[in-house]
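What follows is a single structure, written as structure tokens, with notes after it.
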Amino acid sequence: MYGFRVVIGLCALVTSVSCAVYHAQPLEDRELQTVLAPPDSAALERAAPLLQHPRLLPMRLDLEQPLTPDALAVISVLANPDLRALRAQQGVADAQVFASGLLPDPQFGIGRDRVSSAPDATFSAAWAGSLAIDLLGPMITRGAERGAAQAHATRVRMDIAWAEWMTAGQARLLTVRMHYQQRAAQLASAAAEVADRALARSLAAGERRDLKADEIELRRIADSDAVARALAVTRDVDATRLELNRLLGFPPEEKLSLASLPVLKAWRGADAGTLFTVARVARLDLRALAADYDSQQQVVRRAVLSQYPRVGLTLNRARDTSRVYTSGQAVSVDLPLWNRSRGVLRVAEADRAQLRAEYAARLHQTRADIAALVAALEIDERARVVLEAQAPELERIAAAYEAAAIRGDATWPVAEAVRAAALDRSLTLLALQQACAEERVGLLLAVGQPLTDLELVP
């Protein structure tokens, strides 16, 4: 009786020492306030030179200076709240890799039977102990299990890196958009001022009865349209600023100082087929899908191996009521008669076929996206070249009419109409430049790696 209690106590002690202890981690307001706080400038400046990413280069940050698109891209990767949550998946995948390498624990059993009635006092309590372990089955499938977990962890890493790449590209895109929207706001404001002056002159002429009422109404409508356009462009700037702050993890009221962008470089053209060839190797999402397919290959292999019988080994030691000791061994084998893991294998093969089709669909979509962006760029860039060539002449004509109006050689309504037409054409050109710049960034993202040699970066 005493020995039996000692054995039970030792088993309980061993299991309690080897087990982890539960610690609760409730969501606290202080922790949430830390998450909602703006990114720490000093922490960002320390982390930027240490950035490790297959497509983004580390850099030195100085948040006191106007921020370039490259700086904003790095900040978005470091501080974006969605990316911080996504990176937590890497810990789960690493834990799965760790779990795949563990062998099953052996099972130890002990039992005791007390004699309740016996004709002879020589009878004593009986006990039995057993040690069982199932090694053969796990050893057969262990390689496949570990291979599947490692490939899945690679897929998670590639997914995170692709999300970081896309977030950095979105930050660059919003920076480009805000740059052109701010310039458009300045031009729209100037156009509204020209329309205001034209309306004031028209009202004065109407009071002198030098201008008809219907012509005054036309100028009033033009002034209203110019003011509405200026307000709309200003609203677009605010919307882009808020979206950029959200992407970077800054509070909505933050006003970032952005560096001016250089003049958009001349477009030298690009071959969609060549870019697609680069994308098949460079795009991290395709590498993630390939890793996921490799993981499923191992799952199929594991399902095939699990069809073989599982063998369990048990070691027994016992004493009966007459104090006769026995020891022995037992082997248990699964009989693959009906199940044979056929259902598991069929599901695994169907999942593999689905992943193969998904990879092919992503390739098709990538090729179509690149081709569409290249075609759009070719059209918009040709139009941009034409408008940029016309812009100096239109500005010269508008300035000449204004000078003539000052000398009295032309009327102010004509000079203001020419200036308004020049501003409208400048706004059109600016919108086209913005479209070209955004399409270049979009092509950079679609290919999946920096392509400065193709003048893609504005």
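As shown in the structure tokens, the chain order sets the letters A, B, ...; within each chain, residues go from 1, and ligands are also counted from 1 in the order they appear.
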field: Ala353 (chain A) surroundings by only C-alpha atoms, 12 Å radius, close-in-sequence under 2 positions cut, as number ranges by chain
entry: A: 292-294, 296-297, 300, 346-351, 355-360
Export, as an mmCIF file, in the first residue's frame, the selected residues with C-alpha atoms.
```cif
data_model
loop_
_atom_site.group_PDB
_atom_site.id
_atom_site.type_symbol
_atom_site.label_atom_id
_atom_site.label_comp_id
_atom_site.auth_asym_id
_atom_site.auth_seq_id
_atom_site.Cartn_x
_atom_site.Cartn_y
_atom_site.Cartn_z
ATOM 1 C CA ASP A 292 1.773 26.746 -49.302
ATOM 2 C CA TYR A 293 1.683 24.231 -52.149
ATOM 3 C CA ASP A 294 4.871 22.604 -50.836
ATOM 4 C CA GLN A 296 0.237 20.665 -48.911
ATOM 5 C CA GLN A 297 2.528 18.256 -50.746
ATOM 6 C CA VAL A 300 -0.573 14.514 -48.938
ATOM 7 C CA ARG A 346 -8.793 12.417 -50.734
ATOM 8 C CA VAL A 347 -9.278 15.706 -48.872
ATOM 9 C CA ALA A 348 -5.518 16.369 -48.912
ATOM 10 C CA GLU A 349 -5.310 15.722 -52.661
ATOM 11 C CA ALA A 350 -8.309 17.983 -53.312
ATOM 12 C CA ASP A 351 -6.690 20.758 -51.274
ATOM 13 C CA LEU A 355 -3.789 25.374 -54.322
ATOM 14 C CA ARG A 356 -2.382 24.511 -57.729
ATOM 15 C CA ALA A 357 -5.350 26.197 -59.417
ATOM 16 C CA GLU A 358 -5.032 29.193 -57.094
ATOM 17 C CA TYR A 359 -1.359 29.600 -58.000
ATOM 18 C CA ALA A 360 -2.178 29.455 -61.718
#
```
Within 12 Å of Arg425 (chain A) using only C-alpha atoms, minus same-chain residues under 4 positions, as a ChimeraX atom specification: /A:184,187-188,191,384,386-395,398,418-421,429-432
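Between Asn80 (chain A) and the residues A:Ala149, A:Glu45, A:Gln65, A:Pro251, the shortest atom-to-atom distance, using only C-alpha atoms, involves A:Pro251.
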- prompt: Near Ala48 (chain A), within 10 Å and counting only C-alpha atoms, which residues show up once chain neighbours fewer than 2 positions away are dropped, as a PyMOL selection string?
  reply: chain A and resi 43-46+50-52+57-62+71+74-75+77-78
message: Residues within 7 Å of region 433-446 of chain A, please, as a PyMOL selection string. Count only C-alpha atoms; anything in the same chain fewer than 3 positions from it doesn't count.
response: chain A and resi 166+169+173+176-177+180+366+369-370+373+377+380-381+384+429-430+449-451+456-458
Prev. selection, N, CA and C atoms, output as a short mmCIF file (atom, residue, chain, number, x, y, z; two decimals), in the first residue's frame:
```cif
data_model
loop_
_atom_site.label_atom_id
_atom_site.label_comp_id
_atom_site.auth_asym_id
_atom_site.auth_seq_id
_atom_site.Cartn_x
_atom_site.Cartn_y
_atom_site.Cartn_z
N MET A 166 3.29 45.73 -49.97
CA MET A 166 2.10 46.43 -50.47
C MET A 166 1.78 47.65 -49.61
N GLY A 169 4.19 50.30 -50.58
CA GLY A 169 3.79 50.85 -51.86
C GLY A 169 2.59 51.77 -51.75
N LEU A 173 2.32 55.57 -52.81
CA LEU A 173 1.24 56.01 -53.69
C LEU A 173 0.49 57.20 -53.11
N VAL A 176 2.64 60.35 -53.39
CA VAL A 176 2.58 60.90 -54.75
C VAL A 176 1.25 61.60 -54.98
N ARG A 177 0.17 60.96 -54.54
CA ARG A 177 -1.17 61.54 -54.75
C ARG A 177 -1.30 62.87 -54.02
N TYR A 180 0.54 65.80 -55.86
CA TYR A 180 -0.16 66.37 -57.00
C TYR A 180 -1.48 67.02 -56.59
N THR A 366 -1.63 38.32 -62.36
CA THR A 366 -0.42 39.14 -62.36
C THR A 366 -0.06 39.57 -63.78
N ASP A 369 -2.58 42.21 -64.90
CA ASP A 369 -2.38 43.50 -64.24
C ASP A 369 -1.20 44.25 -64.84
N ILE A 370 -0.10 43.54 -65.05
CA ILE A 370 1.09 44.19 -65.61
C ILE A 370 0.81 44.69 -67.01
N LEU A 373 -1.40 47.83 -66.86
CA LEU A 373 -0.68 49.01 -66.40
C LEU A 373 0.28 49.54 -67.46
N LEU A 377 -0.05 53.17 -69.15
CA LEU A 377 1.08 54.09 -69.09
C LEU A 377 1.48 54.58 -70.49
N ASP A 380 -1.20 57.22 -71.44
CA ASP A 380 -1.14 58.44 -70.63
C ASP A 380 0.17 59.19 -70.82
N GLU A 381 1.26 58.46 -70.99
CA GLU A 381 2.54 59.13 -71.16
C GLU A 381 2.62 59.88 -72.49
N ARG A 384 0.68 62.96 -71.93
CA ARG A 384 1.41 63.87 -71.05
C ARG A 384 2.49 64.63 -71.83
N LEU A 429 -3.31 68.85 -67.18
CA LEU A 429 -1.97 68.27 -67.24
C LEU A 429 -1.55 67.70 -65.89
N LEU A 430 -1.87 68.40 -64.82
CA LEU A 430 -1.50 67.92 -63.49
C LEU A 430 -2.20 66.60 -63.17
N GLN A 449 9.17 44.26 -57.14
CA GLN A 449 10.50 44.68 -56.72
C GLN A 449 10.79 46.05 -57.32
N PRO A 450 11.71 46.82 -56.71
CA PRO A 450 12.04 48.14 -57.25
C PRO A 450 12.58 48.02 -58.67
N LEU A 451 12.12 48.94 -59.52
CA LEU A 451 12.53 48.93 -60.92
C LEU A 451 12.97 50.34 -61.32
N LEU A 456 10.59 53.93 -63.08
CA LEU A 456 9.23 53.76 -62.55
C LEU A 456 8.98 54.65 -61.34
N VAL A 457 10.02 54.99 -60.63
CA VAL A 457 9.85 55.75 -59.40
C VAL A 457 9.80 57.24 -59.73
N PRO A 458 8.71 57.94 -59.38
CA PRO A 458 8.63 59.35 -59.69
C PRO A 458 9.55 60.17 -58.79
#
```
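One finds CA of Arg283 (chain A) at 20.6 Å from CA of Asp82 (chain A).
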- request: May I have all residues of region 157-275 of chain A that DSSP, computed from the backbone, assigns to alpha helix (DSSP H), given as number ranges by chain?
  value: A: 157-207, 213-248, 272-275
query: Could you pull out the strand (DSSP E or B) residues of region 84-329 of chain A from DSSP and send them as an MDAnalysis selection string?
result: chainID A and resid 107:113 126:133 258 311:319 325:329
Got time to write the residues from that selection, C-alpha atoms, as a compact mmCIF listing (two decimals), in the first residue's frame?
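As written to disk, part.txt reads:
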```txt
# COMPACT_ATOMS: atom_id res chain seq x y z
CA GLN A 107 1.59 6.39 -21.21
CA PHE A 108 2.12 4.85 -17.78
CA GLY A 109 -0.68 3.04 -16.00
CA ILE A 110 -0.86 1.43 -12.58
CA GLY A 111 -3.74 -0.30 -10.82
CA ARG A 112 -4.36 -2.08 -7.50
CA ASP A 113 -6.98 -4.65 -6.51
CA ALA A 126 -2.88 -7.45 -6.53
CA TRP A 127 -1.38 -4.71 -8.65
CA ALA A 128 -0.52 -4.16 -12.26
CA GLY A 129 1.54 -1.58 -14.10
CA SER A 130 2.03 -0.85 -17.78
CA LEU A 131 4.14 1.42 -19.95
CA ALA A 132 2.81 2.03 -23.46
CA ILE A 133 4.33 4.03 -26.29
CA LEU A 258 6.34 65.89 -46.88
CA VAL A 311 1.97 -0.25 -34.11
CA GLY A 312 1.85 0.29 -30.36
CA LEU A 313 4.12 -1.39 -27.83
CA THR A 314 3.13 -1.99 -24.21
CA LEU A 315 5.31 -3.35 -21.38
CA ASN A 316 3.40 -4.98 -18.49
CA ARG A 317 4.34 -5.91 -14.95
CA ALA A 318 1.81 -7.38 -12.49
CA ARG A 319 1.31 -9.32 -9.24
CA TYR A 325 4.63 -11.87 -10.39
CA THR A 326 4.27 -11.70 -14.13
CA SER A 327 5.77 -9.52 -16.84
CA GLY A 328 5.10 -9.33 -20.54
CA GLN A 329 4.78 -7.33 -23.66
```
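Interatomic distance, CA of Ile216 (chain A) against CA of Tyr401 (chain A): 21.5 Å.
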12 Å contact set for Pro38 (chain A), only C-alpha atoms, chain neighbours under 6 positions out, as a compact mmCIF listing (two decimals) with N, CA and C atoms, in the first residue's frame:
```txt
# COMPACT_ATOMS: atom_id res chain seq x y z
N LEU A 44 11.28 54.79 -34.01
CA LEU A 44 11.29 54.65 -35.46
C LEU A 44 12.68 54.94 -36.03
N ILE A 75 8.47 53.87 -42.68
CA ILE A 75 7.65 54.13 -41.49
C ILE A 75 6.39 53.28 -41.51
N ALA A 79 5.40 50.88 -38.44
CA ALA A 79 4.39 51.40 -37.50
C ALA A 79 2.96 51.06 -37.86
N ASN A 80 2.70 50.50 -39.03
CA ASN A 80 1.32 50.21 -39.40
C ASN A 80 0.68 49.22 -38.43
N PRO A 81 -0.47 49.54 -37.82
CA PRO A 81 -1.07 48.64 -36.83
C PRO A 81 -1.47 47.29 -37.41
N ASN A 245 -2.18 59.09 -42.71
CA ASN A 245 -1.98 59.00 -41.26
C ASN A 245 -2.42 57.64 -40.74
N ARG A 246 -3.55 57.15 -41.22
CA ARG A 246 -4.03 55.84 -40.78
C ARG A 246 -3.04 54.75 -41.16
N LEU A 247 -2.53 54.84 -42.39
CA LEU A 247 -1.60 53.81 -42.86
C LEU A 247 -0.31 53.81 -42.04
N LEU A 248 0.14 54.99 -41.63
CA LEU A 248 1.39 55.10 -40.88
C LEU A 248 1.21 54.89 -39.39
N GLY A 249 -0.02 54.77 -38.93
CA GLY A 249 -0.25 54.60 -37.50
C GLY A 249 -0.27 55.89 -36.71
N PHE A 250 -0.37 57.04 -37.39
CA PHE A 250 -0.43 58.32 -36.72
C PHE A 250 -1.88 58.71 -36.45
N PRO A 251 -2.12 59.53 -35.42
CA PRO A 251 -3.50 59.97 -35.16
C PRO A 251 -3.99 60.86 -36.30
N PRO A 252 -5.33 60.98 -36.46
CA PRO A 252 -5.88 61.74 -37.60
C PRO A 252 -5.42 63.19 -37.63
N GLU A 253 -5.21 63.82 -36.48
CA GLU A 253 -4.88 65.25 -36.46
C GLU A 253 -3.41 65.52 -36.80
N GLU A 254 -2.59 64.49 -36.94
CA GLU A 254 -1.17 64.68 -37.24
C GLU A 254 -0.99 65.31 -38.63
```
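With distances restricted to only C-alpha atoms, A:Ala272 is the closest residue to Ala375 (chain A) from A:Arg301, A:Ala410, A:Arg280, A:Ala272.
With CA of Asp225 (chain A) on one side and CA of Asp196 (chain A) on the other, the separation reads 10.8 Å.
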query: Skipping near chain neighbours, those fewer than 2 positions away, what residues fall within 10 Å of Arg157 (chain A) using only C-alpha atoms, listed as a PyMOL selection string?
result: chain A and resi 87+89-90+93+151-155+159-163+284+287-288+291
query: Quick one: of A:Arg208, A:Arg268, A:Arg367, A:Arg197, who's nearest to Arg220 (chain A), counting only C-alpha atoms?
result: A:Arg197
